[in-house]
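final-v3.tsv (TSV, C-alpha atoms) appears below.
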chain	number	residue	atom	x	y	z
C	143	MET	CA	23.56	-57.37	19.33
C	144	GLY	CA	22.00	-55.95	22.43
C	145	GLY	CA	19.26	-57.50	24.47
C	146	THR	CA	15.64	-56.58	24.50
C	147	GLY	CA	14.79	-53.75	26.84
C	148	ILE	CA	18.25	-52.17	26.83
C	149	HIS	CA	18.05	-48.37	26.31
C	150	ASN	CA	20.68	-45.71	25.86
C	151	PRO	CA	20.55	-43.89	29.17
C	152	ALA	CA	21.20	-40.34	27.84
C	153	ASP	CA	20.87	-37.48	30.31
C	154	LEU	CA	18.68	-34.78	28.66
C	155	THR	CA	18.45	-32.53	31.65
C	156	GLU	CA	20.89	-29.96	30.27
C	157	VAL	CA	19.31	-30.01	26.80
C	158	LEU	CA	15.87	-29.42	28.29
C	159	ALA	CA	17.24	-26.59	30.35
C	160	ASN	CA	18.77	-25.00	27.23
C	161	ILE	CA	15.49	-25.33	25.36
C	162	ALA	CA	13.69	-23.62	28.20
C	163	ALA	CA	16.28	-20.86	28.18
C	164	ASN	CA	15.92	-20.50	24.41
C	165	ASN	CA	12.15	-20.24	24.78
C	166	VAL	CA	12.65	-17.37	27.16
C	167	LEU	CA	14.99	-15.71	24.68
C	168	LEU	CA	12.50	-16.33	21.88
C	169	ALA	CA	9.76	-14.66	23.88
C	170	VAL	CA	12.04	-11.66	24.41
C	171	ILE	CA	12.81	-11.51	20.67
C	172	GLN	CA	9.11	-11.75	19.81
C	173	ALA	CA	8.31	-8.96	22.21
C	174	THR	CA	11.10	-6.84	20.74
C	175	THR	CA	9.87	-7.55	17.19
C	176	ALA	CA	6.37	-6.53	18.19
C	177	ASP	CA	7.76	-3.31	19.62
C	178	THR	CA	9.75	-2.74	16.44
C	179	ASN	CA	6.65	-3.30	14.29
C	180	ALA	CA	4.75	-0.83	16.41
C	181	ASP	CA	7.60	1.65	16.04
C	182	LEU	CA	7.64	1.11	12.27
C	183	GLU	CA	3.93	1.82	12.10
C	184	VAL	CA	4.60	5.12	13.81
C	185	VAL	CA	7.43	5.80	11.34
C	186	ASP	CA	5.09	4.91	8.44
C	187	ALA	CA	2.51	7.33	9.76
C	188	ASN	CA	5.16	10.04	10.03
C	189	VAL	CA	6.41	9.30	6.51
C	190	ASP	CA	2.84	9.58	5.22
C	191	ALA	CA	2.46	12.90	7.00
C	192	ILE	CA	5.74	14.20	5.54
C	193	ARG	CA	4.74	12.89	2.12
C	194	ALA	CA	1.43	14.74	2.32
C	195	ILE	CA	3.33	17.96	2.95
C	196	THR	CA	5.94	17.43	0.25
C	197	ASP	CA	3.28	16.44	-2.29
C	198	ALA	CA	1.49	19.67	-1.53
C	199	GLU	CA	4.62	21.73	-1.89
C	200	ALA	CA	4.16	24.28	-4.63
C	201	ILE	CA	6.13	24.02	-7.84
C	202	LEU	CA	7.24	27.26	-9.46
C	203	GLU	CA	6.18	26.88	-13.06
C	204	GLU	CA	6.45	29.23	-16.01
C	205	THR	CA	4.91	29.62	-19.39
C	206	GLY	CA	4.87	32.29	-22.02
C	207	GLY	CA	4.89	33.05	-25.68
C	208	GLU	CA	4.42	35.82	-28.16
C	209	LEU	CA	1.25	37.80	-28.66
C	210	THR	CA	0.58	39.98	-31.68
C	211	THR	CA	-1.98	42.61	-30.88
C	212	ASP	CA	-5.01	42.95	-33.12
C	213	GLY	CA	-6.89	45.85	-31.61
C	214	THR	CA	-9.32	43.69	-29.65
C	215	LEU	CA	-9.23	42.67	-26.01
C	216	GLN	CA	-7.01	39.57	-26.20
C	217	THR	CA	-6.63	36.92	-23.55
C	218	ILE	CA	-2.94	36.38	-23.04
C	219	TYR	CA	-3.16	34.09	-20.01
C	220	VAL	CA	-6.02	32.56	-18.09
C	221	ASN	CA	-6.39	30.04	-15.31
C	222	ASN	CA	-10.13	29.71	-15.27
C	223	ALA	CA	-10.65	27.20	-12.52
C	224	PRO	CA	-7.59	26.36	-10.41
C	225	ALA	CA	-7.73	23.13	-8.45
C	226	GLY	CA	-7.34	25.18	-5.27
C	227	VAL	CA	-5.36	28.01	-3.76
C	228	TRP	CA	-2.43	28.92	-5.97
C	229	ALA	CA	0.07	31.70	-6.15
C	230	PRO	CA	0.76	33.48	-9.41
C	231	ARG	CA	3.87	35.57	-8.95
C	232	TRP	CA	4.72	37.83	-11.87
C	233	PHE	CA	3.59	38.64	-15.38
C	234	GLY	CA	6.05	40.27	-17.74
C	235	MET	CA	5.91	41.69	-21.26
C	236	ASP	CA	8.63	42.90	-23.56
C	237	PHE	CA	7.67	46.23	-25.13
C	238	ALA	CA	10.81	46.48	-27.24
C	239	ASN	CA	8.72	46.44	-30.42
C	240	GLN	CA	6.43	49.22	-29.31
C	241	THR	CA	6.86	52.66	-30.94
C	242	VAL	CA	5.77	56.13	-29.95
C	243	THR	CA	2.48	55.67	-31.77
C	244	GLU	CA	1.18	52.70	-29.78
C	245	THR	CA	-0.90	52.51	-26.64
C	246	VAL	CA	-1.40	49.09	-25.02
C	247	ARG	CA	-3.34	48.20	-21.87
C	248	ILE	CA	-2.66	45.23	-19.64
C	249	ILE	CA	-5.65	44.27	-17.49
C	250	VAL	CA	-5.41	41.80	-14.60
C	251	SER	CA	-8.63	40.29	-13.25
C	252	TYR	CA	-9.40	37.72	-10.59
C	253	ARG	CA	-12.41	35.69	-9.64
C	254	GLU	CA	-13.54	36.11	-6.06
C	255	ALA	CA	-16.09	33.29	-6.12
C	256	PRO	CA	-16.44	29.92	-7.85
C	257	ALA	CA	-17.56	30.55	-11.45
C	258	GLY	CA	-18.08	34.19	-10.46
C	259	PRO	CA	-17.45	37.20	-12.66
C	260	TRP	CA	-13.97	38.46	-13.51
C	261	VAL	CA	-13.16	41.33	-11.20
C	262	VAL	CA	-10.65	43.82	-12.58
C	263	ASP	CA	-7.85	44.34	-10.12
C	264	ASP	CA	-5.21	46.25	-12.04
C	265	ARG	CA	-4.83	48.20	-15.25
C	266	GLU	CA	-1.49	49.16	-16.68
C	267	THR	CA	-1.50	51.42	-19.74
C	268	ILE	CA	1.72	51.81	-21.67
C	269	VAL	CA	1.74	54.81	-23.98
C	270	GLY	CA	4.53	55.02	-26.52
C	271	ILE	CA	7.99	53.75	-25.72
C	272	PRO	CA	8.34	52.93	-22.03
C	273	VAL	CA	11.46	53.96	-20.16
C	274	SER	CA	12.25	50.28	-19.64
C	275	ALA	CA	11.12	47.80	-22.28
C	276	GLY	CA	10.31	45.16	-19.67
C	277	ILE	CA	6.98	45.76	-17.97
C	278	TRP	CA	6.24	43.55	-14.96
C	279	VAL	CA	3.01	43.16	-13.03
C	280	GLN	CA	2.99	41.54	-9.60
C	281	LEU	CA	0.18	39.02	-9.18
C	282	LYS	CA	-1.75	37.86	-6.14
C	283	GLU	CA	-2.64	34.56	-4.58
C	284	ASN	CA	-6.13	33.41	-5.39
C	285	ARG	CA	-8.40	30.40	-5.47
C	286	TYR	CA	-10.93	30.91	-8.23
C	287	GLY	CA	-9.02	32.17	-11.23
C	288	LEU	CA	-6.80	34.70	-12.92
C	289	LEU	CA	-7.26	36.44	-16.28
C	290	ILE	CA	-4.71	38.64	-17.99
C	291	THR	CA	-5.81	40.48	-21.09
C	292	VAL	CA	-4.05	42.86	-23.42
C	293	GLU	CA	-5.61	45.46	-25.65
C	294	LYS	CA	-3.96	47.73	-28.17
C	295	THR	CA	-6.06	50.86	-28.18
C	296	VAL	CA	-3.94	53.08	-30.44
C	297	GLY	CA	-1.35	52.47	-33.12
C	298	THR	CA	-0.04	49.56	-35.10
C	299	ASN	CA	-0.36	45.88	-34.21
C	300	ARG	CA	2.94	44.56	-32.94
C	301	ALA	CA	4.39	41.38	-31.42
C	302	TYR	CA	5.17	41.18	-27.71
C	303	ASP	CA	6.99	38.40	-25.90
C	304	TRP	CA	5.45	37.60	-22.52
C	305	THR	CA	6.04	35.31	-19.57
C	306	ILE	CA	4.21	34.38	-16.39
C	307	LEU	CA	5.57	32.69	-13.27
C	308	TYR	CA	3.26	30.96	-10.82
C	309	GLU	CA	3.32	28.41	-8.04
C	310	VAL	CA	1.01	25.44	-8.37
T	135	MET	CA	9.19	27.95	-0.39
T	136	ALA	CA	8.54	26.60	-3.82
T	137	VAL	CA	10.21	23.81	-5.72
T	138	LEU	CA	11.57	25.05	-9.02
T	139	TYR	CA	10.03	23.23	-11.98
T	140	ASP	CA	13.29	22.59	-13.83
T	141	ASN	CA	15.05	21.42	-10.67
T	142	ILE	CA	12.73	18.46	-10.29
T	143	GLY	CA	14.76	15.50	-11.47
T	144	TYR	CA	12.18	14.03	-13.77
T	145	ASN	CA	11.66	17.38	-15.52
T	146	ARG	CA	15.22	17.39	-16.77
T	147	GLU	CA	15.29	17.80	-20.57
T	148	ILE	CA	11.52	17.98	-20.75
T	149	LEU	CA	10.54	19.42	-24.12
T	150	LEU	CA	6.76	19.53	-24.05
T	151	ASP	CA	4.38	19.74	-21.08
T	152	LEU	CA	0.69	20.58	-21.44
T	153	PRO	CA	-1.00	20.67	-18.02
T	154	PHE	CA	-4.23	22.22	-19.38
T	155	ARG	CA	-4.40	24.77	-16.59
T	156	GLU	CA	-6.32	27.34	-18.67
T	157	GLY	CA	-9.68	25.67	-18.24
T	158	ILE	CA	-11.45	27.80	-20.85
T	159	GLY	CA	-11.15	29.01	-24.39
T	160	VAL	CA	-9.02	27.92	-27.30
T	161	VAL	CA	-5.52	28.52	-26.00
T	162	THR	CA	-3.34	26.09	-24.08
T	163	HIS	CA	0.24	26.71	-23.06
T	164	ASP	CA	3.33	24.55	-23.02
T	165	VAL	CA	5.04	24.99	-19.64
T	166	ALA	CA	8.25	23.27	-20.72
T	167	LYS	CA	11.15	25.51	-21.57
T	168	PRO	CA	10.75	25.46	-25.40
T	169	HIS	CA	7.25	27.02	-25.12
T	170	HIS	CA	5.87	25.31	-28.18
T	171	VAL	CA	2.93	27.29	-29.47
T	172	MET	CA	-0.03	24.92	-29.42
T	173	THR	CA	-3.26	25.56	-31.27
T	174	MET	CA	-6.53	23.82	-30.51
T	175	GLU	CA	-7.94	22.69	-33.85
T	176	ASP	CA	-11.61	21.91	-34.34
T	177	PRO	CA	-12.46	21.12	-37.96
T	178	GLY	CA	-16.16	21.02	-37.24
T	179	GLY	CA	-17.67	17.87	-35.84
T	180	GLY	CA	-15.95	17.22	-32.56
T	181	SER	CA	-15.21	19.54	-29.69
T	182	PHE	CA	-12.85	20.25	-26.84
T	183	VAL	CA	-14.47	20.14	-23.43
T	184	TRP	CA	-12.54	21.57	-20.52
T	185	THR	CA	-13.40	19.19	-17.69
T	186	SER	CA	-12.83	19.72	-14.00
T	187	LEU	CA	-12.52	16.52	-11.99
T	188	ASP	CA	-14.29	16.33	-8.64
T	189	ASN	CA	-11.03	17.24	-6.93
T	190	GLY	CA	-10.68	20.36	-9.07
T	191	LEU	CA	-7.99	19.20	-11.48
T	192	MET	CA	-8.63	20.51	-14.97
T	193	VAL	CA	-8.32	17.95	-17.77
T	194	MET	CA	-9.17	18.02	-21.46
T	195	GLU	CA	-11.84	15.95	-23.13
T	196	PHE	CA	-11.47	15.26	-26.83
T	197	VAL	CA	-15.02	14.71	-28.05
T	198	THR	CA	-15.25	12.74	-31.27
T	199	ILE	CA	-18.50	12.06	-33.11
T	200	GLY	CA	-17.24	9.52	-35.65
T	201	GLY	CA	-14.44	8.56	-37.98
T	202	GLY	CA	-14.98	11.18	-40.64
T	203	ALA	CA	-12.52	13.82	-41.73
T	204	THR	CA	-13.98	16.50	-39.47
T	205	ASP	CA	-15.34	14.33	-36.66
T	206	GLY	CA	-12.74	15.05	-34.00
T	207	VAL	CA	-10.39	17.66	-32.60
T	208	HIS	CA	-6.66	17.87	-32.06
T	209	LEU	CA	-3.85	20.00	-30.73
T	210	ASN	CA	-1.28	21.18	-33.22
T	211	SER	CA	2.14	22.75	-33.24
T	212	ILE	CA	3.69	23.59	-36.55
T	213	ALA	CA	6.78	21.84	-37.83
T	214	ALA	CA	8.91	24.97	-37.69
T	215	ASN	CA	8.27	25.26	-33.95
T	216	THR	CA	8.86	21.61	-33.08
T	217	GLY	CA	12.25	20.78	-34.55
T	218	ASP	CA	13.40	19.73	-31.08
T	219	LEU	CA	10.88	16.86	-31.27
T	220	ASN	CA	12.45	15.52	-34.46
T	221	PHE	CA	13.79	12.35	-32.87
T	222	THR	CA	15.88	10.07	-35.06
T	223	SER	CA	18.68	8.02	-33.51
T	224	GLY	CA	18.53	9.59	-30.06
T	225	ASP	CA	16.68	8.93	-26.83
T	226	TYR	CA	13.22	10.24	-26.08
T	227	SER	CA	10.24	9.62	-23.81
T	228	ILE	CA	6.50	10.21	-24.01
T	229	ALA	CA	3.99	10.16	-21.17
T	230	GLY	CA	0.62	11.38	-20.01
T	231	TRP	CA	-2.60	10.49	-18.24
T	232	THR	CA	-5.41	9.17	-20.38
T	233	LYS	CA	-8.93	7.91	-19.90
T	234	TRP	CA	-9.58	7.05	-23.49
T	235	GLY	CA	-12.82	5.86	-24.99
T	236	ALA	CA	-13.10	3.19	-27.66
T	237	GLY	CA	-15.13	5.02	-30.31
T	238	THR	CA	-15.58	4.42	-33.99
T	239	ASN	CA	-11.92	4.91	-34.75
T	240	GLN	CA	-10.00	1.66	-34.53
T	241	SER	CA	-6.76	3.51	-33.88
T	242	GLU	CA	-6.70	6.66	-31.78
T	243	ILE	CA	-3.52	8.68	-32.06
T	244	ILE	CA	-2.35	10.08	-28.75
T	245	ILE	CA	0.61	12.07	-30.00
T	246	GLY	CA	2.95	12.02	-32.95
T	247	ARG	CA	5.19	13.98	-35.22
T	248	TYR	CA	5.33	11.88	-38.32
T	249	GLY	CA	4.36	11.09	-41.87
T	250	THR	CA	2.83	7.65	-42.19
T	251	ASN	CA	5.39	5.26	-43.65
T	252	LEU	CA	7.66	8.21	-44.35
T	253	ASP	CA	9.30	9.63	-41.22
T	254	GLY	CA	8.93	10.53	-37.55
T	255	TRP	CA	7.25	8.80	-34.61
T	256	ASP	CA	3.78	8.33	-33.14
T	257	CYS	CA	1.84	6.33	-30.58
T	258	TYR	CA	-1.81	5.35	-30.44
T	259	TYR	CA	-4.41	3.21	-28.70
T	260	ASN	CA	-6.01	0.37	-30.62
T	261	ALA	CA	-9.71	0.05	-29.77
T	262	VAL	CA	-9.96	-3.56	-30.98
T	263	SER	CA	-7.06	-5.00	-29.04
T	264	SER	CA	-6.92	-2.41	-26.23
T	265	SER	CA	-3.24	-2.03	-26.92
T	266	LEU	CA	-0.81	0.86	-26.96
T	267	SER	CA	1.18	0.94	-30.19
T	268	HIS	CA	4.30	2.90	-30.90
T	269	ARG	CA	5.69	3.37	-34.39
T	270	HIS	CA	8.75	4.70	-36.16
T	271	HIS	CA	8.41	5.60	-39.84
T	272	HIS	CA	11.37	5.29	-42.20
T	273	SER	CA	10.86	5.35	-45.94
T	274	SER	CA	14.61	5.41	-46.41
T	275	LEU	CA	14.68	1.82	-45.15
T	276	ALA	CA	12.21	0.58	-47.81
T	277	PRO	CA	10.74	-1.97	-48.21
T	278	ASN	CA	10.42	-1.71	-44.41
T	279	PHE	CA	8.48	1.54	-44.23
T	280	ASN	CA	7.77	1.44	-40.55
T	281	SER	CA	8.58	-0.53	-37.45
T	282	SER	CA	6.43	-0.79	-34.38
T	283	CYS	CA	5.90	-2.32	-30.99
T	284	PHE	CA	2.95	-2.60	-28.65
T	285	SER	CA	1.86	-3.45	-25.14
T	286	ALA	CA	-1.50	-4.93	-24.16
T	287	GLY	CA	-4.06	-4.37	-21.43
T	288	TRP	CA	-4.94	-0.72	-22.08
T	289	VAL	CA	-8.59	-1.03	-21.17
T	290	PRO	CA	-10.55	2.10	-22.15
T	291	GLY	CA	-12.57	4.11	-19.66
T	292	VAL	CA	-10.02	4.02	-16.84
T	293	TRP	CA	-7.46	6.66	-15.89
T	294	LYS	CA	-3.97	5.34	-16.53
T	295	PHE	CA	-0.53	6.87	-16.64
T	296	PHE	CA	1.09	5.74	-19.88
T	297	SER	CA	4.77	6.22	-20.52
T	298	ILE	CA	7.26	5.18	-23.17
T	299	SER	CA	11.05	5.22	-22.93
T	300	ARG	CA	13.15	4.90	-26.04
T	301	LEU	CA	16.86	4.42	-25.66
T	302	GLY	CA	18.40	5.36	-28.98
T	303	ALA	CA	20.96	2.62	-28.74
T	304	SER	CA	18.25	-0.01	-28.27
T	305	LEU	CA	15.84	-1.39	-30.84
T	306	TYR	CA	13.37	-2.14	-28.07
T	307	PRO	CA	11.52	0.78	-26.44
T	308	LEU	CA	9.75	0.09	-23.17
T	309	HIS	CA	6.16	0.82	-22.22
T	310	TYR	CA	4.94	1.41	-18.67
T	311	ARG	CA	1.43	1.52	-17.24
T	312	ASN	CA	1.17	3.38	-13.94
T	313	ALA	CA	4.98	3.16	-13.88
T	314	VAL	CA	4.99	-0.64	-14.08
T	315	PRO	CA	7.05	-2.02	-17.00
T	316	LEU	CA	4.98	-4.07	-19.42
T	317	ALA	CA	5.50	-7.16	-21.54
T	318	MET	CA	6.31	-5.89	-25.03
T	319	SER	CA	5.77	-7.27	-28.51
T	320	TYR	CA	8.27	-6.20	-31.14
T	321	GLU	CA	8.73	-6.86	-34.81
T	322	ALA	CA	11.62	-9.08	-35.78
T	323	THR	CA	13.61	-6.02	-36.77
T	324	GLY	CA	12.88	-4.19	-33.53
T	325	MET	CA	12.26	-0.47	-33.71
T	326	LEU	CA	14.52	1.03	-36.34
T	327	ASP	CA	15.45	4.70	-36.22
T	328	PRO	CA	12.76	6.99	-37.62
T	329	ASP	CA	13.73	9.14	-40.59
T	330	THR	CA	14.20	12.82	-39.93
T	331	CYS	CA	10.86	14.55	-39.99
T	332	ASN	CA	9.73	18.09	-40.75
T	333	ARG	CA	6.05	17.89	-39.88
T	334	ASP	CA	3.59	19.30	-37.41
T	335	LEU	CA	3.24	17.83	-33.94
T	336	VAL	CA	-0.27	16.47	-33.49
T	337	VAL	CA	-2.03	15.45	-30.27
T	338	GLY	CA	-5.26	13.54	-30.78
T	339	CYS	CA	-5.27	12.70	-34.47
T	340	ARG	CA	-3.45	11.28	-37.45
T	341	ASN	CA	-0.70	13.29	-39.12
T	342	SER	CA	-3.08	14.11	-41.98
T	343	LYS	CA	-5.46	15.64	-39.39
T	344	ASP	CA	-8.52	13.96	-40.81
T	345	ALA	CA	-8.74	10.54	-39.10
T	346	ASN	CA	-7.79	8.37	-36.11
T	347	TRP	CA	-9.30	10.82	-33.65
T	348	TYR	CA	-8.48	10.37	-29.98
T	349	THR	CA	-11.62	10.08	-27.89
T	350	GLY	CA	-11.87	10.76	-24.19
T	351	LEU	CA	-9.96	12.53	-21.46
T	352	MET	CA	-6.32	13.45	-21.35
T	353	TRP	CA	-4.10	15.27	-18.88
T	354	ARG	CA	-0.62	16.54	-19.18
T	355	PRO	CA	0.88	14.93	-22.27
T	356	ARG	CA	4.63	15.29	-22.02
T	357	VAL	CA	7.70	14.62	-24.15
T	358	TRP	CA	11.34	14.47	-23.11
T	359	GLY	CA	14.54	14.41	-25.12
T	360	ARG	CA	15.90	11.56	-23.05
T	361	ALA	CA	14.86	8.11	-21.89
T	362	LEU	CA	13.34	8.25	-18.42
T	363	SER	CA	14.02	5.38	-16.04
T	364	GLN	CA	11.42	3.23	-14.33
T	365	GLU	CA	12.31	4.97	-11.09
T	366	GLU	CA	11.53	8.35	-12.62
T	367	TRP	CA	8.20	7.12	-14.02
T	368	SER	CA	7.42	5.86	-10.54
T	369	GLN	CA	8.21	9.26	-9.03
T	370	ILE	CA	5.88	11.02	-11.44
T	371	PHE	CA	3.16	8.43	-10.93
T	372	GLN	CA	3.40	8.61	-7.16
T	373	HIS	CA	3.30	12.38	-7.29
T	374	GLU	CA	0.22	12.57	-9.50
T	375	ARG	CA	-1.82	9.42	-8.88
T	376	GLY	CA	-3.87	11.03	-6.13
T	377	TRP	CA	-5.63	13.25	-8.65
T	378	PHE	CA	-6.96	10.20	-10.46
T	379	GLY	CA	-7.74	7.86	-7.59
T	380	VAL	CA	-5.39	5.12	-8.77

Now that the file is in, can you turn its structure into structure tokens?
Amino acid sequence: MGGTGIHNPADLTEVLANIAANNVLLAVIQATTADTNADLEVVDANVDAIRAITDAEAILEETGGELTTDGTLQTIYVNNAPAGVWAPRWFGMDFANQTVTETVRIIVSYREAPAGPWVVDDRETIVGIPVSAGIWVQLKENRYGLLITVEKTVGTNRAYDWTILYEV
Amino acid sequence: MAVLYDNIGYNREILLDLPFREGIGVVTHDVAKPHHVMTMEDPGGGSFVWTSLDNGLMVMEFVTIGGGATDGVHLNSIAANTGDLNFTSGDYSIAGWTKWGAGTNQSEIIIGRYGTNLDGWDCYYNAVSSSLSHRHHHSSLAPNFNSSCFSAGWVPGVWKFFSISRLGASLYPLHYRNAVPLAMSYEATGMLDPDTCNRDLVVGCRNSKDANWYTGLMWRPRVWGRALSQEEWSQIFQHERGWFGV
């Protein structure tokens, strides 16, 4: 079939024109993608910034227990070296077990310098049966540490429930 | 504004949480709701060293001098105070950050509430195989006194976030390292339910408190009464990894 030198005379003009048009479209898409990538990098940076803030958001934590006095100065709670600025909120003790014969002191101290001495900030002395069994001490923000001690100075050793709330 | 501890999703049903915030002395407090009373026990040879990382985070070093009966230290909470950690057929999870050291003890107990081959649960690092093992003890199922599983690749000397999820309905607990699920090896029986246990909770030593001392650094061992998901482990890891540079 067919003689030598016979070719199919297809007209590719329109196909070539379409390819050229597609190349233009492709260039537009590539430019748009590049813009989108740039936008996403901005979004990523914003997400990182938001993440840094949310990670640093303080968590209100609590701990507590029961302390039985022994007549000495007893550490009931200490944060000796916080990682940074933190915000203790409240310290509370239940004096329901205390009788008229007991005297108990709560002493709150802070550090004002790294590894510095404990500086007494507040003393609360409860003599006998308090009007309200719950005694609460408001605490202050600090950076270098908090120490709460309890000392029974008069009377019988008794058990006291306590709790502390702080943001870390 | 502060985020409330118990409103954080992954803190739901958390039963034990020891962040070692005290930084001094011989008292450490559980900040989870049950407030387990923990005592820091030093039988003589080893010591606790409160250690502040360069970024200020306080962690605990368990210093062990050997494998003898008084050569290490551990945290303890008496059985009567830890009944909520008496896991049998139910779900539970264990996690914490460790930078353990391969000392003279082949097995270093991280945490457990158990009697060997009798009852309860425990997990430990193996210094020979650098693996994390997890055991259930069940004398009632004799002659199979315990069942266990392990994951590999727990190289000592590097901070890692270990976590274990046990779905009560499954015989196959899962281990995660830095929130990534690991290939597990199980016994043919899988992990059978531990027998009910009335023993002290120990962190850092064997239930008999005279061997298998944990060596190295630890931060925030935690226990939940439910099985945490991989997504939750990832949330914790992402939240805390910055402290440890991982």

When you get a sec, could you note down which chain T residues fall within 9 Å of chain C, using only C-alpha atoms, as a ChimeraX atom specification?
-> /T:135-140,142,155-159,161-167,169-171,186-187,189-192,373-374

Mind giving me the straight-line distance from CA of Leu209 (chain C) to CA of Tyr302 (chain C) in Å, one decimal?
->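 Separation of CA of Leu209 (chain C) and CA of Tyr302 (chain C): 5.3 Å.
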
Find the residues near Gly143 (chain T): any atom within 10 Å, counting all atoms listed in the file, skip ones fewer than 5 places away on the same chain, and give them as a count of residues only.
-> 3

Rounded to one decimal place, report the CA of Ala345 (chain T)-CA of Ile148 (chain T) distance in Å.
->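 Pair CA of Ala345 (chain T) / CA of Ile148 (chain T) returns 28.3 Å.
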
Which is closer to Ala317 (chain T) than all the others in T:Ser265, T:Ser342, T:Gln240, T:Ser304, using only C-alpha atoms?
->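 For Ala317 (chain T), the nearest of the given residues is T:Ser265.
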
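Interatomic distance, CA of Ser299 (chain T) against CA of Phe378 (chain T): 22.5 Å.
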
Among the residues T:Leu326, T:Val380, T:Cys339, T:Leu308, the one that comes closest to Ala361 (chain T) [using all atoms listed in the file] =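 Residue with the minimum atom-to-atom distance to Ala361 (chain T): T:Leu308.
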
Extract, using only C-alpha atoms, all DNA, RNA and protein residues at most 8 Å from His271 (chain T), discarding same-chain residues fewer than 2 positions from it, and format them as a list in words.
-> Tyr248, Gly249, Thr250, Asn251, Leu252, Asp253, Gly254, Trp255, Arg269, Ser273, Phe279, Asn280, Ser281, Asp327, Pro328 and Asp329 of chain T

Given the choices C:Val189, C:Val279, C:Ala152, C:Ile195, which gets closest to Phe233 (chain C) if the distance is worked out from all atoms listed in the file?
->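 Of the candidates, the smallest distance to Phe233 (chain C) is held by C:Val279.
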
Would you mind telling me which residue in T:Trp377, T:Ala213, T:Trp293, T:Pro315 lies nearest to Gly246 (chain T) when using all atoms listed in the file?
->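 Between T:Trp377, T:Ala213, T:Trp293, T:Pro315, the residue approaching Gly246 (chain T) most closely is T:Ala213.
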
List as a PyMOL selection string: which residues have an atom within 8 Å of (14.6, -3.2, -31.1), counting only C-alpha atoms?
-> chain T and resi 304-307+320-321+323-326

Got a sec: who's within 8 Å of Val261 (chain C), counting only C-alpha atoms, leaving out chain neighbours fewer than 2 positions off, as a list of chain:residue names?
-> C:Ser251, C:Tyr252, C:Arg253, C:Glu254, C:Pro259, C:Asp263

From the coordinates I just gave you, please extract region 156-196 of chain T so that only C-alpha atoms remain, then output it as a compact mmCIF listing (two decimals), in the first residue's frame.
# COMPACT_ATOMS: atom_id res chain seq x y z
CA GLU T 156 9.30 21.80 94.61
CA GLY T 157 12.96 21.80 93.64
CA ILE T 158 14.23 21.18 97.17
CA GLY T 159 13.77 18.94 100.15
CA VAL T 160 12.09 15.60 100.60
CA VAL T 161 8.50 16.39 99.68
CA THR T 162 6.93 16.20 96.25
CA HIS T 163 3.27 16.74 95.50
CA ASP T 164 0.82 15.03 93.20
CA VAL T 165 -1.08 17.72 91.27
CA ALA T 166 -3.72 15.32 89.96
CA LYS T 167 -7.05 15.37 91.70
CA PRO T 168 -6.51 12.31 93.97
CA HIS T 169 -3.51 14.02 95.68
CA HIS T 170 -1.64 10.83 96.37
CA VAL T 171 0.76 11.41 99.22
CA MET T 172 4.21 10.64 97.85
CA THR T 173 7.25 10.06 100.01
CA MET T 174 10.82 10.27 98.79
CA GLU T 175 12.59 7.18 100.10
CA ASP T 176 16.35 6.99 100.43
CA PRO T 177 17.50 3.76 102.08
CA GLY T 178 21.08 4.93 102.24
CA GLY T 179 23.28 4.57 99.21
CA GLY T 180 21.64 6.57 96.47
CA SER T 181 20.25 10.05 96.49
CA PHE T 182 17.68 12.35 94.96
CA VAL T 183 19.16 15.33 93.18
CA TRP T 184 16.83 18.16 92.25
CA THR T 185 18.14 19.27 88.87
CA SER T 186 17.32 22.46 87.03
CA LEU T 187 17.74 22.24 83.27
CA ASP T 188 19.38 25.15 81.47
CA ASN T 189 15.94 26.48 80.60
CA GLY T 190 14.90 26.43 84.26
CA LEU T 191 12.68 23.36 84.27
CA MET T 192 13.10 21.38 87.46
CA VAL T 193 13.53 17.63 87.02
CA MET T 194 14.48 14.82 89.38
CA GLU T 195 17.63 12.77 89.20
CA PHE T 196 17.58 9.33 90.76
